[in-house]
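Presented below is the structure to which this report refers.
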Amino acid sequence: MNSAYETPTASLDDPFYYLTNFRYVLAWVEARHGDLLSAEERDFIRHFEMLSRASQALLVRMVMRKGELFRLDKLTYGEIGGAEQALAPLVALCWVDSAPLLSRRELFRLLRLSELRQALADEISNAGLTINSTKAALQVALEESLKESVALQQWWPTATTQIVRLTVMEICDRLRLMFFGNLRQDWAEFVLTELGLQRFEQVPLTAESRAFQQRDEVDTYMVLHRLRERLDDGEPLQALYAQLPPASPNRWLDARRARLVLAMARDAERSGEAELALTLYAAADSSEARIRRLRLLERMGDYQTAYHLAHKALAAGPCESEAQALARLLPRMERRLGLPLAAREKPAEAPSQVLMLPGPRPVECAAAEHLATPAAPVFYVENSLLTSLFGLLFWPAIFKPLPGAFFHPFHSGPADLFREDFVHRRQADIDACLLQLENGRYRHSIQATWHAKQGITSPFVHWGIVSEELLLLALECLPPAHLRACFERLLADLKQNRAGLPDLIQFMPDAPPGKPRYRMIEVKGPGDRLQDNQRRWIAFFAHHQMPVEVCYVRWQSVEGI
């Protein structure tokens, strides 16, 4: 199969638009992941197709709502008609439980105060409460007497409503996972696209372009997702760690596992479980995990181990952020251990100035207004301009249809964007884009892409900020050699380096020959200081002799008091 991704053609004018979208997902998953589907999932798809439209629609309405418990009187939709009639086939298939057991918390969440007063009249009386007690007071007072989970009819035999539980949400989550490749995206993606609020690049599709290649990858993802939910719910860390699946040969799935282990380690450290935190940081084995492990060892007083591990990390060729943290840690370890301080290169610094301005107000706007002149306009761009120029020039490489990069119609960027092999897999395309900075074709390419792809979602292009005026000024004033250096730094670590860029840029298109035609300006208000990622970018600019400075804003109204 080799075709372009196309979004479903459902219209919001169609009252069953959501059903069309759901059917689209089922058909997509069955066609592209049929070999990965379990017998339970295949049965679900087969039985779903046999349901009446009303029953299908009611099920999908429930799937797309939050939670699994619903009041029947809240499942009222004009296009479906009577909910009870549409519900009956779903109950017969055991996809909906018509008399689910309800905990005290669920009961209080689903029933109104007036209904609780009727349902729990005896319990309220026995607790010595008045019938006018608030919902919160009732919940606290009845906590001990309502520990058992029972059906609504047992709580309230004369109930005026019915509560049902959807039992196939797990199946629907797995199908949604196989479609999106994650559980972060949901059915709202369809609606936003149909409303025209977001547009996506259409990328040619190959048979290999899917999120999962093996069934156990689907199952592992679900296990990791549920463990993260349980971690957020505060379950004991030791129990969660014991249920952690082993490392996966699937690199992006293993990266997801490492992020979960890091989150568990941070929770363990916050809760005072230092030894468990050290074990988990070691297991996560990421840049952030290594630095957090070293800092924890330092706080525990184990300087020798911290010093040894820091040198081991330094010898492994760390990324910029890790190297920056190590450069701060190692001198402290050397002092603690009584070792001579090693000579270290000091990062290049940018010139700075203090601006006394009327305020207070947003410091970036205040500085921009103060520094701008008719011949040298100033724009507030922060992380938008250089990344947008990068995204426009490298658009063909970023959206190249490689296996495992795109597998559904709602990708804002490739799924492997932040993986270590992103550049390697596209090296020839990236080199071709960089070559345009040498032969001068980059201006035409960037402008052509800006016009052709206007409004299409990109992980780098900020359409609302990069106007045509700003784009043309940037292409006129930014030397291609400076752009290349910045783009190569972005490519070295796309995740870390796309942030931390200066707030403002000033263009001087009429500057005399040999003089800079732009300068980047980082603005800091009273009490603010440079962040680590900002320091790294500023050191990079200064090292490459690119015009950059830091402006510290002080308010005249405050200083004069």
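Lettering and numbering for the structure tokens are positional, with chains as A, B, ... in the shown order, residues counted from 1 in each chain, and ligands counted from 1 in the shown order.
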
### Task
Write down as a list of chain:residue names the residues belonging to region 168-379 of chain A that are assigned strand (DSSP E) by DSSP computed on the backbone.
A:Pro204, A:Leu205, A:Ser352, A:Gln353, A:Val354, A:Leu355, A:Met356, A:Leu357, A:Val378, A:Phe379

Could you dump the residues just selected with C-alpha atoms as a compact mmCIF listing (two decimals), in the first residue's frame?
# COMPACT_ATOMS: atom_id res chain seq x y z
CA PRO A 204 2.73 9.10 1.54
CA LEU A 205 1.96 5.87 3.35
CA SER A 352 25.06 43.19 28.78
CA GLN A 353 23.36 46.48 29.56
CA VAL A 354 20.85 47.78 32.09
CA LEU A 355 17.76 49.61 30.80
CA MET A 356 15.92 51.96 33.16
CA LEU A 357 12.36 51.98 31.85
CA VAL A 378 12.69 44.98 16.95
CA PHE A 379 10.56 41.82 17.01

### Task
Going by DSSP on the backbone, which bits of region 104-245 of chain A are helix (DSSP H, G or I)? Write them as a ChimeraX atom specification, please.
/A:104-110,113-119,121-126,135-141,152-155,169-180,188-194,215-232,237-242

#### Entry: Residues near Gln56 (chain A), cut-off 12 Å, only C-alpha atoms, skip fewer than 2 positions along chain, as a ChimeraX atom specification
/A:16,18-23,44-45,47-54,58-63,79-80,83,85-90,95

Could the residues in this selection be written to a file with C-alpha atoms, as a short mmCIF file (atom, residue, chain, number, x, y, z; two decimals), in the first residue's frame?
data_model
loop_
_atom_site.label_atom_id
_atom_site.label_comp_id
_atom_site.auth_asym_id
_atom_site.auth_seq_id
_atom_site.Cartn_x
_atom_site.Cartn_y
_atom_site.Cartn_z
CA PHE A 16 -23.45 11.04 13.26
CA TYR A 18 -18.46 11.02 15.50
CA LEU A 19 -19.66 7.58 14.42
CA THR A 20 -18.11 8.10 10.97
CA ASN A 21 -14.82 8.95 12.66
CA PHE A 22 -14.96 5.89 14.91
CA ARG A 23 -15.70 3.60 11.97
CA PHE A 44 -15.37 -6.37 19.00
CA ILE A 45 -14.99 -5.00 15.47
CA HIS A 47 -19.94 -7.38 16.53
CA PHE A 48 -19.82 -3.60 16.31
CA GLU A 49 -20.48 -3.79 12.57
CA MET A 50 -23.60 -5.89 13.27
CA LEU A 51 -25.17 -3.38 15.66
CA SER A 52 -27.85 -0.92 14.64
CA ARG A 53 -26.69 2.61 13.96
CA ALA A 54 -28.37 3.84 17.15
CA LEU A 58 -24.59 5.37 21.78
CA LEU A 59 -21.51 3.23 22.38
CA VAL A 60 -19.26 5.73 20.62
CA ARG A 61 -20.79 8.62 22.57
CA MET A 62 -19.87 6.80 25.78
CA VAL A 63 -16.37 5.91 24.54
CA GLU A 79 -29.96 11.70 16.61
CA ILE A 80 -29.99 8.46 18.63
CA ALA A 83 -31.19 5.51 25.05
CA GLN A 85 -33.59 0.83 23.37
CA ALA A 86 -30.13 1.57 21.94
CA LEU A 87 -28.50 0.34 25.15
CA ALA A 88 -30.14 -3.11 25.23
CA PRO A 89 -27.89 -4.74 22.56
CA LEU A 90 -24.81 -3.35 24.29
CA TRP A 95 -20.17 -4.21 26.63
#

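Distance annotation: of A:Phe540, A:Thr373, A:Lys495, A:Pro409, the residue with the minimal separation from Arg210 (chain A) is A:Pro409; atom set is only C-alpha atoms.
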
#### Entry: A:Val203, A:Leu231, A:Met222, A:Ala348 ranked by distance to Pro396 (chain A), top pick (using only C-alpha atoms)
A:Val203

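Residues surrounding region 481-493 of chain A within 8 Å are Cys319, Leu386, Phe390, Phe418, Val423, Leu434, Leu437, Leu478, Pro479, Lys495, Gln496, Asn497, Arg498 and Met546 of chain A [only C-alpha atoms; sequence separation below 2 positions excluded].
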